[in-house]
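Chemist: First, the structure itself, so that you have it in front of you.
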Amino acid sequence: MIRIKMKKLSFSLVLLMIFLFCSGAFAITSEKLALQVEEKYRSFKDLSMDFTKTLKSEIFETERKTKGKMYLKNPDKFRIETKEEIIVTDGEFLWNYSEENEQVLKSRLDRSKNIFKPNQYLSNFRKEYNAKSTGEEKIDKTECYKLVLTPKKEDSFITKMTIWIDQKNLLAKKLEYQDSNDNEITLIFDKIKTNQGIKDSKFVFKTPKGIEELDLTE
């Protein structure tokens, strides 16, 4: 009886050691995950995706939800479209069109600090943020790594960001951030397409007739 129990104990220890070894072998470090995500996004010429945006703010009594489309072209071009607004940049100039105000604000991208720049937060975040992997979580039946970004500087527009990375393709499935105005924004991405040959003209805004344009580039 003693020998049988010892054999069972030994077998259990072997299984435990195998489990611990495999877990360590396949675990991904925060640094490695962050690097792989950046390299993945930098490898694409362009991307497009649908998104659902949820906004929580002290200004509004209830959450605001909207759907939209996002286009990215490396290294620094992007276009974000919703029913309410269009934000687009060619890497030098930034246009912010508000349908409600019937107005377009044109500014320089390098002077526009208080704005969400998707290229930066997906392909070049390690430059200004510390990244830490905090485990795994399922988003819409998709197994994801959870990556938390905290700014290296105190005056950053985005004070905290969490990105849920699809384990299969290393693309962001969900992104959640809080800005310096205490707004909480959540973006869930879907229908992601890569390397479609999006033209540069997609990232230049042409002001429609009858719409006021305020040029702040001077």
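Chain lettering (A, B, ...) mirrors the order of the structure tokens, residue numbering begins at 1 for each chain separately, and ligand numbering begins at 1 in order of display.
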Need the shell around A:Ser107: protein/DNA/RNA residues with any atom at most 10 Å away, counting only C-alpha atoms. Skip same-chain ones fewer than 2 positions apart. Format as a PDB file with C-alpha atoms, in the first residue's frame?
Modeler:
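Result file is result33.pdb:
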ATOM      1  CA  THR A  89      -4.381  63.475 -41.343  1.00  0.00           C
ATOM      2  CA  GLU A  92       1.479  66.853 -41.719  1.00  0.00           C
ATOM      3  CA  PHE A  93      -1.940  68.469 -41.505  1.00  0.00           C
ATOM      4  CA  LEU A  94      -4.924  67.409 -39.420  1.00  0.00           C
ATOM      5  CA  TRP A  95      -8.548  68.074 -40.344  1.00  0.00           C
ATOM      6  CA  ASN A  96     -11.392  67.758 -37.834  1.00  0.00           C
ATOM      7  CA  VAL A 104     -13.681  72.122 -40.358  1.00  0.00           C
ATOM      8  CA  LEU A 105     -10.648  72.861 -38.203  1.00  0.00           C
ATOM      9  CA  LEU A 109      -0.391  67.251 -36.635  1.00  0.00           C
ATOM     10  CA  ASP A 110       2.773  67.930 -34.631  1.00  0.00           C
ATOM     11  CA  ARG A 111       0.945  70.655 -32.695  1.00  0.00           C
ATOM     12  CA  SER A 112      -2.126  68.530 -31.988  1.00  0.00           C
ATOM     13  CA  LEU A 214     -10.794  77.501 -39.920  1.00  0.00           C
ATOM     14  CA  ASP A 215      -7.085  77.322 -40.771  1.00  0.00           C
ATOM     15  CA  LEU A 216      -4.959  77.100 -37.622  1.00  0.00           C
ATOM     16  CA  THR A 217      -1.748  76.092 -39.382  1.00  0.00           C
ATOM     17  CA  GLU A 218      -0.143  79.550 -39.301  1.00  0.00           C
TER      18      GLU A 218
END
Chemist: Mind checking which residues fall within 9 Å of A:Leu72, counting only C-alpha atoms, ignoring those fewer than 3 positions away in the same chain, and posting them as a ChimeraX atom specification?
Modeler: /A:45-49,75-80,118-119,198,203
Chemist: Enter the distance from atom CA of A:Pro151 to atom CA of A:Tyr129, in Å, rounded to one decimal.
Modeler: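 Between atom CA of A:Pro151 and atom CA of A:Tyr129 the gap is 4.3 Å.
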Chemist: So that I can check the secondary structure, give me every residue of stretch 7-210 of chain A assigned alpha helix (DSSP H) by backbone DSSP, as a PyMOL selection string.
Modeler: chain A and resi 7-26+30-42+118-123
Chemist: Could you write out that same residue set with N, CA and C atoms as a tab-separated table (two decimals), in the first residue's frame?
Modeler:
chain	number	residue	atom	x	y	z
A	7	LYS	N	4.10	5.71	-5.57
A	7	LYS	CA	4.08	5.77	-7.02
A	7	LYS	C	3.11	6.84	-7.51
A	8	LYS	N	1.94	6.90	-6.85
A	8	LYS	CA	0.94	7.91	-7.22
A	8	LYS	C	1.48	9.31	-6.96
A	9	LEU	N	2.17	9.48	-5.85
A	9	LEU	CA	2.73	10.77	-5.49
A	9	LEU	C	3.80	11.20	-6.49
A	10	SER	N	4.67	10.24	-6.85
A	10	SER	CA	5.74	10.52	-7.80
A	10	SER	C	5.16	10.90	-9.15
A	11	PHE	N	4.14	10.21	-9.58
A	11	PHE	CA	3.50	10.49	-10.86
A	11	PHE	C	2.88	11.89	-10.86
A	12	SER	N	2.27	12.27	-9.73
A	12	SER	CA	1.67	13.60	-9.60
A	12	SER	C	2.73	14.68	-9.67
A	13	LEU	N	3.88	14.44	-9.03
A	13	LEU	CA	4.98	15.40	-9.06
A	13	LEU	C	5.51	15.60	-10.47
A	14	VAL	N	5.59	14.48	-11.21
A	14	VAL	CA	6.07	14.56	-12.60
A	14	VAL	C	5.12	15.40	-13.44
A	15	LEU	N	3.81	15.17	-13.27
A	15	LEU	CA	2.82	15.96	-14.02
A	15	LEU	C	2.91	17.44	-13.67
A	16	LEU	N	3.11	17.72	-12.38
A	16	LEU	CA	3.22	19.11	-11.93
A	16	LEU	C	4.45	19.77	-12.56
A	17	MET	N	5.57	19.07	-12.59
A	17	MET	CA	6.79	19.60	-13.17
A	17	MET	C	6.64	19.86	-14.66
A	18	ILE	N	5.97	18.94	-15.35
A	18	ILE	CA	5.72	19.11	-16.79
A	18	ILE	C	4.86	20.33	-17.04
A	19	PHE	N	3.82	20.50	-16.21
A	19	PHE	CA	2.92	21.64	-16.35
A	19	PHE	C	3.66	22.97	-16.15
A	20	LEU	N	4.48	23.00	-15.09
A	20	LEU	CA	5.22	24.22	-14.79
A	20	LEU	C	6.24	24.53	-15.88
A	21	PHE	N	6.87	23.49	-16.41
A	21	PHE	CA	7.85	23.69	-17.47
A	21	PHE	C	7.19	24.23	-18.74
A	22	CYS	N	6.07	23.62	-19.10
A	22	CYS	CA	5.35	24.05	-20.31
A	22	CYS	C	4.83	25.46	-20.16
A	23	SER	N	4.31	25.78	-18.97
A	23	SER	CA	3.78	27.12	-18.75
A	23	SER	C	4.88	28.15	-18.91
A	24	GLY	N	6.06	27.85	-18.36
A	24	GLY	CA	7.17	28.79	-18.49
A	24	GLY	C	7.66	28.90	-19.91
A	25	ALA	N	7.63	27.77	-20.63
A	25	ALA	CA	8.16	27.75	-21.99
A	25	ALA	C	7.30	28.56	-22.93
A	26	PHE	N	5.98	28.51	-22.73
A	26	PHE	CA	5.07	29.16	-23.65
A	26	PHE	C	4.60	30.53	-23.17
A	30	SER	N	6.02	40.70	-21.06
A	30	SER	CA	5.44	41.99	-21.44
A	30	SER	C	6.25	42.64	-22.55
A	31	GLU	N	7.57	42.61	-22.39
A	31	GLU	CA	8.45	43.25	-23.37
A	31	GLU	C	8.34	42.58	-24.74
A	32	LYS	N	8.32	41.25	-24.74
A	32	LYS	CA	8.24	40.52	-25.99
A	32	LYS	C	6.90	40.75	-26.68
A	33	LEU	N	5.82	40.73	-25.91
A	33	LEU	CA	4.49	40.95	-26.47
A	33	LEU	C	4.38	42.34	-27.07
A	34	ALA	N	4.84	43.36	-26.34
A	34	ALA	CA	4.79	44.74	-26.84
A	34	ALA	C	5.57	44.88	-28.14
A	35	LEU	N	6.75	44.29	-28.19
A	35	LEU	CA	7.58	44.36	-29.39
A	35	LEU	C	6.91	43.67	-30.57
A	36	GLN	N	6.33	42.51	-30.34
A	36	GLN	CA	5.68	41.75	-31.41
A	36	GLN	C	4.47	42.50	-31.97
A	37	VAL	N	3.72	43.16	-31.09
A	37	VAL	CA	2.55	43.92	-31.54
A	37	VAL	C	3.00	45.10	-32.41
A	38	GLU	N	4.00	45.84	-31.96
A	38	GLU	CA	4.52	46.96	-32.74
A	38	GLU	C	5.03	46.50	-34.10
A	39	GLU	N	5.80	45.44	-34.11
A	39	GLU	CA	6.36	44.92	-35.36
A	39	GLU	C	5.25	44.46	-36.30
A	40	LYS	N	4.21	43.88	-35.74
A	40	LYS	CA	3.09	43.42	-36.55
A	40	LYS	C	2.43	44.58	-37.28
A	41	TYR	N	2.13	45.66	-36.55
A	41	TYR	CA	1.46	46.80	-37.17
A	41	TYR	C	2.38	47.55	-38.14
A	42	ARG	N	3.67	47.59	-37.83
A	42	ARG	CA	4.60	48.27	-38.73
A	42	ARG	C	4.83	47.48	-40.02
A	118	PRO	N	-4.12	56.79	-33.58
A	118	PRO	CA	-4.10	55.31	-33.55
A	118	PRO	C	-2.78	54.70	-33.99
A	119	ASN	N	-2.09	55.30	-34.98
A	119	ASN	CA	-0.82	54.74	-35.43
A	119	ASN	C	0.18	54.66	-34.28
A	120	GLN	N	0.24	55.75	-33.52
A	120	GLN	CA	1.19	55.83	-32.41
A	120	GLN	C	0.92	54.78	-31.34
A	121	TYR	N	-0.36	54.56	-31.04
A	121	TYR	CA	-0.70	53.66	-29.94
A	121	TYR	C	-0.75	52.20	-30.35
A	122	LEU	N	-0.55	51.92	-31.63
A	122	LEU	CA	-0.54	50.54	-32.08
A	122	LEU	C	0.83	50.10	-32.59
A	123	SER	N	1.59	51.01	-33.19
A	123	SER	CA	2.85	50.61	-33.80
A	123	SER	C	4.08	51.27	-33.19
Chemist: Point out the residue among A:Asn169, A:Thr142, A:Thr134, A:Gln103 with the least atom-to-atom distance to A:Lys193, counting only C-alpha atoms.
Modeler: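 Closest residue, counting only C-alpha atoms: A:Asn169.
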Chemist: Record the distance separating atom CA of A:Pro208 and atom CA of A:Arg64, expressed in Å with one decimal.
Modeler: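 Distance reported for this atom pair: 27.0 Å.
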Chemist: Atom CA of A:Thr207 and atom CA of A:Ser98, how far apart in Å?
Modeler: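 Separation of atom CA of A:Ser98 and atom CA of A:Thr207: 11.1 Å.
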Chemist: Determine which residues of chain A receive a DSSP assignment of strand (DSSP E), computed from the backbone, and state them as a ChimeraX atom specification.
Modeler: /A:46-56,64-73,77-82,85-89,93-98,103-108,129-139,142-151,158-166,172-179,184-194,212-215
Chemist: Let's have the selection written as a compact mmCIF listing (two decimals), in the first residue's frame, with C-alpha atoms.
Modeler:
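Okay, out-v3.txt is ready:
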# COMPACT_ATOMS: atom_id res chain seq x y z
CA ASP A 46 -2.22 50.03 -44.52
CA LEU A 47 -5.21 48.78 -42.52
CA SER A 48 -8.94 49.39 -42.38
CA MET A 49 -11.42 48.32 -39.71
CA ASP A 50 -14.90 48.88 -38.35
CA PHE A 51 -15.21 49.99 -34.75
CA THR A 52 -17.77 50.54 -32.03
CA LYS A 53 -16.97 53.43 -29.72
CA THR A 54 -18.32 53.96 -26.20
CA LEU A 55 -17.72 57.29 -24.48
CA LYS A 56 -18.13 57.93 -20.75
CA ARG A 64 -22.59 57.58 -25.82
CA LYS A 65 -22.20 54.83 -28.39
CA THR A 66 -21.33 55.23 -32.04
CA LYS A 67 -20.05 53.11 -34.90
CA GLY A 68 -17.47 54.09 -37.44
CA LYS A 69 -14.67 53.22 -39.81
CA MET A 70 -10.92 53.66 -39.33
CA TYR A 71 -8.19 53.72 -41.96
CA LEU A 72 -4.46 53.64 -41.18
CA LYS A 73 -1.45 54.01 -43.45
CA LYS A 77 -1.63 58.74 -41.85
CA PHE A 78 -5.08 57.94 -40.45
CA ARG A 79 -8.75 58.64 -41.06
CA ILE A 80 -11.53 58.12 -38.49
CA GLU A 81 -15.12 58.38 -39.72
CA THR A 82 -18.39 58.45 -37.75
CA GLU A 85 -17.33 63.75 -37.41
CA ILE A 86 -14.32 62.96 -39.56
CA ILE A 87 -10.75 63.22 -38.27
CA VAL A 88 -8.09 62.77 -40.92
CA THR A 89 -4.38 63.48 -41.34
CA PHE A 93 -1.94 68.47 -41.50
CA LEU A 94 -4.92 67.41 -39.42
CA TRP A 95 -8.55 68.07 -40.34
CA ASN A 96 -11.39 67.76 -37.83
CA TYR A 97 -14.82 68.01 -39.46
CA SER A 98 -17.93 68.38 -37.31
CA GLN A 103 -17.15 73.45 -39.60
CA VAL A 104 -13.68 72.12 -40.36
CA LEU A 105 -10.65 72.86 -38.20
CA LYS A 106 -7.31 72.49 -39.99
CA SER A 107 -4.17 72.32 -37.87
CA ARG A 108 -0.69 70.82 -37.89
CA TYR A 129 4.56 54.33 -22.68
CA ASN A 130 5.58 51.48 -20.39
CA ALA A 131 3.84 48.25 -21.36
CA LYS A 132 2.84 45.49 -18.97
CA SER A 133 1.08 42.24 -19.78
CA THR A 134 -1.64 41.53 -17.20
CA GLY A 135 -2.90 38.14 -18.30
CA GLU A 136 -5.47 36.91 -20.76
CA GLU A 137 -9.15 37.65 -21.38
CA LYS A 138 -11.80 36.65 -23.90
CA ILE A 139 -13.40 39.46 -25.98
CA THR A 142 -11.67 35.88 -29.07
CA GLU A 143 -8.79 34.82 -26.79
CA CYS A 144 -6.73 37.94 -26.10
CA TYR A 145 -3.61 39.06 -24.28
CA LYS A 146 -4.21 42.08 -22.05
CA LEU A 147 -1.60 44.83 -22.34
CA VAL A 148 -1.65 47.90 -20.06
CA LEU A 149 0.17 51.08 -21.11
CA THR A 150 1.16 53.81 -18.66
CA PRO A 151 2.78 57.07 -19.82
CA ILE A 158 -3.76 59.69 -22.53
CA THR A 159 -3.23 58.86 -18.88
CA LYS A 160 -3.84 55.11 -19.16
CA MET A 161 -4.56 52.65 -21.92
CA THR A 162 -5.40 48.95 -22.08
CA ILE A 163 -5.20 46.97 -25.31
CA TRP A 164 -6.65 43.49 -25.80
CA ILE A 165 -4.52 41.68 -28.39
CA ASP A 166 -5.90 38.77 -30.42
CA ALA A 172 -5.96 44.79 -31.33
CA LYS A 173 -9.48 43.50 -30.70
CA LYS A 174 -10.33 46.10 -28.06
CA LEU A 175 -8.74 49.33 -26.88
CA GLU A 176 -9.72 51.33 -23.81
CA TYR A 177 -8.19 54.59 -22.62
CA GLN A 178 -8.68 57.51 -20.26
CA ASP A 179 -7.56 60.99 -21.28
CA GLU A 184 -13.20 57.10 -20.80
CA ILE A 185 -13.25 55.75 -24.35
CA THR A 186 -13.64 52.13 -25.43
CA LEU A 187 -13.10 50.93 -29.00
CA ILE A 188 -13.96 47.42 -30.18
CA PHE A 189 -12.57 46.53 -33.61
CA ASP A 190 -14.07 44.25 -36.25
CA LYS A 191 -13.64 43.39 -39.94
CA ILE A 192 -9.93 44.23 -39.97
CA LYS A 193 -8.38 44.25 -43.46
CA THR A 194 -4.72 44.78 -44.31
CA GLU A 212 -16.64 76.85 -42.90
CA GLU A 213 -12.93 76.04 -42.68
CA LEU A 214 -10.79 77.50 -39.92
CA ASP A 215 -7.09 77.32 -40.77
